[in-house]
Amino acid sequence: MPSGKESVIALDDVTVRYGEFEALRAVSVSVAAGEIVAVLGPNGAGKSTLLRAMAGALQPSSGRISLFGELPFGSEREPVRRRTAQRVAFVTQATDVAFGFTVRDVVMMGRAPHQGAWMTARPEDELAVDEALERCELRALAARRVDALSGGEQKRVAIARALAQSPKLLLLDEPGAFLDVRHQLALYDLLVDLAAAGDVSVVLTMHDINAAAQYASRVALLKEGALVAIGSVEEVLTYRRLRETFDADLYCGVNDVTGARFFLPMRQTRTATKAPD
Ligand code: ADP
């Protein structure tokens, strides 16, 4: 984490097991306000598990997770659980479709942690929903039933619901999946806008290394449950590290004007370049 900033979420030596299997191994990560951290790694590396642990949906078998300096997860204390629900939004990969509900109804569900027991929508709830619909380009679909939408549209509804929650920490598991190119770019731009305002932090898993390089403040590489590296694009997304992590050849290019990095997956050949020791 960049020094001088308070951490929004901090994992300290966190190990997560499914039965005997260690899906995350001694991971320490800390995220500052206004950061976008992209988590990359091969299938099965533990990316979703990391997000589930950050969301409090999985308990670490060892280590500690603190949110805004508190230890909220697993807390029996209602005010702590409520504060967590108000501040952390999690968009999973497989979004359950709420049958029979309209897009607007589903986005309004994001307001639940802020509403009283009767869940009556107040003007500020309507406003948050309007804003989330607008940001996710869903205004025209607001009255449609979610179960009648395409996969990509449903994904945008799930993201709008998370935005309506007005979270301080937004966790997104492969949000770009199912989205067409334009909506992918619009989503990443939206995340940058939210983070630039300074009070939303984003942690997202993704497979698109080029998008991670363009949009993330920091990138983390995970392999077999362990953190291989975390840091700036220049530090972390090197040919050697990517090869170690993905077991694939990705050529790393640099735009000589802007200095921006880009990555080109190469066909596997028997003479694939061996990373120098
Ligand atoms: P990724 O998101 O990087 O593809 P996951 O976090 O989904 O990886 O999974 C990490 C490892 O944990 C994988 O080997 C996966 O098979 C295993 N795993 C994930 N979820 C479960 C579960 N509910 N029960 C048992 N094993 C699981």
# chains A, B, ... in the order shown; residues from 1 in each chain; ligands from 1
$ residues_around --residues "A:Gly110" --least-positions-apart "5" --cutoff "8 Å" --atoms "only C-alpha atoms" --output "PyMOL selection string"
chain A and resi 161-165
$ write_last_selection --atoms "N, CA and C atoms" --output "PDB file, in the first residue's frame"
ATOM      1  N   ARG A 161     -26.454  -2.390  -8.816  1.00  0.00           N
ATOM      2  CA  ARG A 161     -26.948  -2.678  -7.460  1.00  0.00           C
ATOM      3  C   ARG A 161     -25.840  -2.422  -6.427  1.00  0.00           C
ATOM      4  N   ALA A 162     -24.627  -2.863  -6.774  1.00  0.00           N
ATOM      5  CA  ALA A 162     -23.487  -2.637  -5.870  1.00  0.00           C
ATOM      6  C   ALA A 162     -23.200  -1.139  -5.730  1.00  0.00           C
ATOM      7  N   LEU A 163     -23.313  -0.388  -6.821  1.00  0.00           N
ATOM      8  CA  LEU A 163     -23.061   1.069  -6.750  1.00  0.00           C
ATOM      9  C   LEU A 163     -24.122   1.770  -5.911  1.00  0.00           C
ATOM     10  N   ALA A 164     -25.390   1.299  -6.048  1.00  0.00           N
ATOM     11  CA  ALA A 164     -26.484   1.910  -5.283  1.00  0.00           C
ATOM     12  C   ALA A 164     -26.244   1.767  -3.784  1.00  0.00           C
ATOM     13  N   GLN A 165     -25.484   0.760  -3.430  1.00  0.00           N
ATOM     14  CA  GLN A 165     -25.155   0.520  -2.015  1.00  0.00           C
ATOM     15  C   GLN A 165     -24.239   1.622  -1.461  1.00  0.00           C
TER      16      GLN A 165
END
$ select_by_dssp --residues "stretch 75-178 of chain A" --states "strand (DSSP E or B)" --output "VMD selection string"
chain A and resid 88 to 91 102 145 169 to 173
$ write_last_selection --atoms "all heavy atoms" --output "PDB file, in the first residue's frame"
ATOM      1  N   VAL A  88     -19.195  -2.394   2.242  1.00  0.00           N
ATOM      2  CA  VAL A  88     -18.543  -3.328   1.314  1.00  0.00           C
ATOM      3  C   VAL A  88     -19.572  -3.904   0.353  1.00  0.00           C
ATOM      4  O   VAL A  88     -20.574  -4.479   0.779  1.00  0.00           O
ATOM      5  CB  VAL A  88     -17.870  -4.490   2.088  1.00  0.00           C
ATOM      6  CG1 VAL A  88     -17.142  -5.420   1.122  1.00  0.00           C
ATOM      7  CG2 VAL A  88     -16.923  -3.960   3.141  1.00  0.00           C
ATOM      8  N   ALA A  89     -19.350  -3.743  -0.943  1.00  0.00           N
ATOM      9  CA  ALA A  89     -20.235  -4.347  -1.944  1.00  0.00           C
ATOM     10  C   ALA A  89     -19.436  -5.374  -2.737  1.00  0.00           C
ATOM     11  O   ALA A  89     -18.280  -5.132  -3.087  1.00  0.00           O
ATOM     12  CB  ALA A  89     -20.786  -3.276  -2.879  1.00  0.00           C
ATOM     13  N   PHE A  90     -20.051  -6.501  -3.001  1.00  0.00           N
ATOM     14  CA  PHE A  90     -19.363  -7.609  -3.654  1.00  0.00           C
ATOM     15  C   PHE A  90     -20.203  -8.080  -4.839  1.00  0.00           C
ATOM     16  O   PHE A  90     -21.354  -8.476  -4.672  1.00  0.00           O
ATOM     17  CB  PHE A  90     -19.209  -8.736  -2.619  1.00  0.00           C
ATOM     18  CG  PHE A  90     -18.479  -9.965  -3.107  1.00  0.00           C
ATOM     19  CD1 PHE A  90     -17.594  -9.918  -4.181  1.00  0.00           C
ATOM     20  CD2 PHE A  90     -18.656 -11.183  -2.458  1.00  0.00           C
ATOM     21  CE1 PHE A  90     -16.916 -11.054  -4.604  1.00  0.00           C
ATOM     22  CE2 PHE A  90     -17.986 -12.326  -2.878  1.00  0.00           C
ATOM     23  CZ  PHE A  90     -17.120 -12.254  -3.951  1.00  0.00           C
ATOM     24  N   VAL A  91     -19.625  -8.013  -6.031  1.00  0.00           N
ATOM     25  CA  VAL A  91     -20.298  -8.549  -7.222  1.00  0.00           C
ATOM     26  C   VAL A  91     -19.593  -9.851  -7.590  1.00  0.00           C
ATOM     27  O   VAL A  91     -18.437  -9.842  -8.019  1.00  0.00           O
ATOM     28  CB  VAL A  91     -20.257  -7.549  -8.396  1.00  0.00           C
ATOM     29  CG1 VAL A  91     -20.972  -8.132  -9.620  1.00  0.00           C
ATOM     30  CG2 VAL A  91     -20.900  -6.221  -7.996  1.00  0.00           C
ATOM     31  N   THR A 102     -37.977  -6.251 -11.511  1.00  0.00           N
ATOM     32  CA  THR A 102     -37.503  -5.353 -12.559  1.00  0.00           C
ATOM     33  C   THR A 102     -36.066  -4.930 -12.235  1.00  0.00           C
ATOM     34  O   THR A 102     -35.585  -5.105 -11.103  1.00  0.00           O
ATOM     35  CB  THR A 102     -38.349  -4.068 -12.648  1.00  0.00           C
ATOM     36  OG1 THR A 102     -38.145  -3.312 -11.451  1.00  0.00           O
ATOM     37  CG2 THR A 102     -39.811  -4.369 -12.852  1.00  0.00           C
ATOM     38  N   ARG A 145     -37.882  -6.801 -16.843  1.00  0.00           N
ATOM     39  CA  ARG A 145     -37.601  -7.874 -15.879  1.00  0.00           C
ATOM     40  C   ARG A 145     -36.170  -8.360 -16.074  1.00  0.00           C
ATOM     41  O   ARG A 145     -35.740  -8.584 -17.207  1.00  0.00           O
ATOM     42  CB  ARG A 145     -38.564  -9.038 -16.120  1.00  0.00           C
ATOM     43  CG  ARG A 145     -39.946  -8.787 -15.542  1.00  0.00           C
ATOM     44  CD  ARG A 145     -40.858  -9.922 -15.892  1.00  0.00           C
ATOM     45  NE  ARG A 145     -40.284 -11.227 -15.527  1.00  0.00           N
ATOM     46  CZ  ARG A 145     -41.010 -12.277 -15.180  1.00  0.00           C
ATOM     47  NH1 ARG A 145     -42.316 -12.198 -15.134  1.00  0.00           N
ATOM     48  NH2 ARG A 145     -40.430 -13.424 -14.877  1.00  0.00           N
ATOM     49  N   LEU A 169     -15.798   0.149  -0.279  1.00  0.00           N
ATOM     50  CA  LEU A 169     -14.948  -0.884  -0.882  1.00  0.00           C
ATOM     51  C   LEU A 169     -15.810  -1.700  -1.838  1.00  0.00           C
ATOM     52  O   LEU A 169     -16.821  -2.279  -1.444  1.00  0.00           O
ATOM     53  CB  LEU A 169     -14.378  -1.797   0.213  1.00  0.00           C
ATOM     54  CG  LEU A 169     -13.559  -2.997  -0.264  1.00  0.00           C
ATOM     55  CD1 LEU A 169     -12.322  -2.567  -1.042  1.00  0.00           C
ATOM     56  CD2 LEU A 169     -13.146  -3.876   0.927  1.00  0.00           C
ATOM     57  N   LEU A 170     -15.390  -1.712  -3.096  1.00  0.00           N
ATOM     58  CA  LEU A 170     -16.144  -2.411  -4.140  1.00  0.00           C
ATOM     59  C   LEU A 170     -15.317  -3.602  -4.607  1.00  0.00           C
ATOM     60  O   LEU A 170     -14.188  -3.427  -5.084  1.00  0.00           O
ATOM     61  CB  LEU A 170     -16.394  -1.412  -5.275  1.00  0.00           C
ATOM     62  CG  LEU A 170     -17.240  -1.820  -6.460  1.00  0.00           C
ATOM     63  CD1 LEU A 170     -18.602  -2.341  -6.038  1.00  0.00           C
ATOM     64  CD2 LEU A 170     -17.418  -0.621  -7.396  1.00  0.00           C
ATOM     65  N   LEU A 171     -15.865  -4.803  -4.437  1.00  0.00           N
ATOM     66  CA  LEU A 171     -15.161  -6.029  -4.807  1.00  0.00           C
ATOM     67  C   LEU A 171     -15.865  -6.622  -6.026  1.00  0.00           C
ATOM     68  O   LEU A 171     -17.074  -6.872  -5.988  1.00  0.00           O
ATOM     69  CB  LEU A 171     -15.215  -7.030  -3.647  1.00  0.00           C
ATOM     70  CG  LEU A 171     -14.692  -6.527  -2.306  1.00  0.00           C
ATOM     71  CD1 LEU A 171     -15.034  -7.509  -1.181  1.00  0.00           C
ATOM     72  CD2 LEU A 171     -13.177  -6.311  -2.377  1.00  0.00           C
ATOM     73  N   LEU A 172     -15.117  -6.824  -7.094  1.00  0.00           N
ATOM     74  CA  LEU A 172     -15.721  -7.278  -8.346  1.00  0.00           C
ATOM     75  C   LEU A 172     -14.977  -8.504  -8.867  1.00  0.00           C
ATOM     76  O   LEU A 172     -13.768  -8.441  -9.131  1.00  0.00           O
ATOM     77  CB  LEU A 172     -15.640  -6.165  -9.398  1.00  0.00           C
ATOM     78  CG  LEU A 172     -16.278  -4.815  -9.050  1.00  0.00           C
ATOM     79  CD1 LEU A 172     -15.747  -3.713  -9.958  1.00  0.00           C
ATOM     80  CD2 LEU A 172     -17.787  -4.895  -9.167  1.00  0.00           C
ATOM     81  N   ASP A 173     -15.707  -9.612  -9.015  1.00  0.00           N
ATOM     82  CA  ASP A 173     -15.079 -10.841  -9.501  1.00  0.00           C
ATOM     83  C   ASP A 173     -15.311 -10.950 -11.004  1.00  0.00           C
ATOM     84  O   ASP A 173     -16.438 -11.210 -11.443  1.00  0.00           O
ATOM     85  CB  ASP A 173     -15.673 -12.039  -8.759  1.00  0.00           C
ATOM     86  CG  ASP A 173     -14.756 -13.250  -8.811  1.00  0.00           C
ATOM     87  OD1 ASP A 173     -13.729 -13.194  -9.507  1.00  0.00           O
ATOM     88  OD2 ASP A 173     -15.079 -14.255  -8.143  1.00  0.00           O
TER      89      ASP A 173
END
$ residues_near_ligand --ligand "ligand 1" --cutoff "12 Å" --atoms "only C-alpha atoms and all ligand atoms" --output "JSON, numbers by chain"
{"A": [15, 16, 17, 18, 19, 20, 21, 22, 23, 24, 25, 39, 40, 41, 42, 43, 44, 45, 46, 47, 48, 49, 50, 51, 52, 53, 57, 58, 92, 93, 94, 172, 173, 174, 204, 205, 206, 207, 220, 221, 222, 223, 224, 225, 226, 227, 245, 246]}
$ select_by_dssp --residues "stretch 216-258 of chain A" --states "helix (DSSP H, G or I)" --output "VMD selection string"
chain A and resid 233 to 236 239 to 246
$ residues_around --residues "A:Gly253" --least-positions-apart "6" --cutoff "12 Å" --atoms "only C-alpha atoms" --output "JSON, numbers by chain"
{"A": [210, 213, 234, 237, 238, 239, 259, 260, 261, 262, 263, 264, 265]}
$ atom_distance --atom1 "atom CA of A:Ser217" --atom2 "atom CA of A:Leu185"
16.1 Å
$ closest_residue --among "A:His183, A:Lys155, A:His114, A:Arg240" --to "A:Ala128" --atoms "only C-alpha atoms"
A:His114
$ closest_residue --among "A:Asp105, A:Glu244, A:Asp125, A:Asp96" --to "A:Arg144" --atoms "only C-alpha atoms"
A:Asp105
$ atom_distance --atom1 "atom CA of A:Val103" --atom2 "atom CA of A:Val146"
5.5 Å
$ closest_residue --among "A:Val37, A:Val8, A:Val157, A:Ala186" --to "A:Arg87" --atoms "only C-alpha atoms"
A:Val8
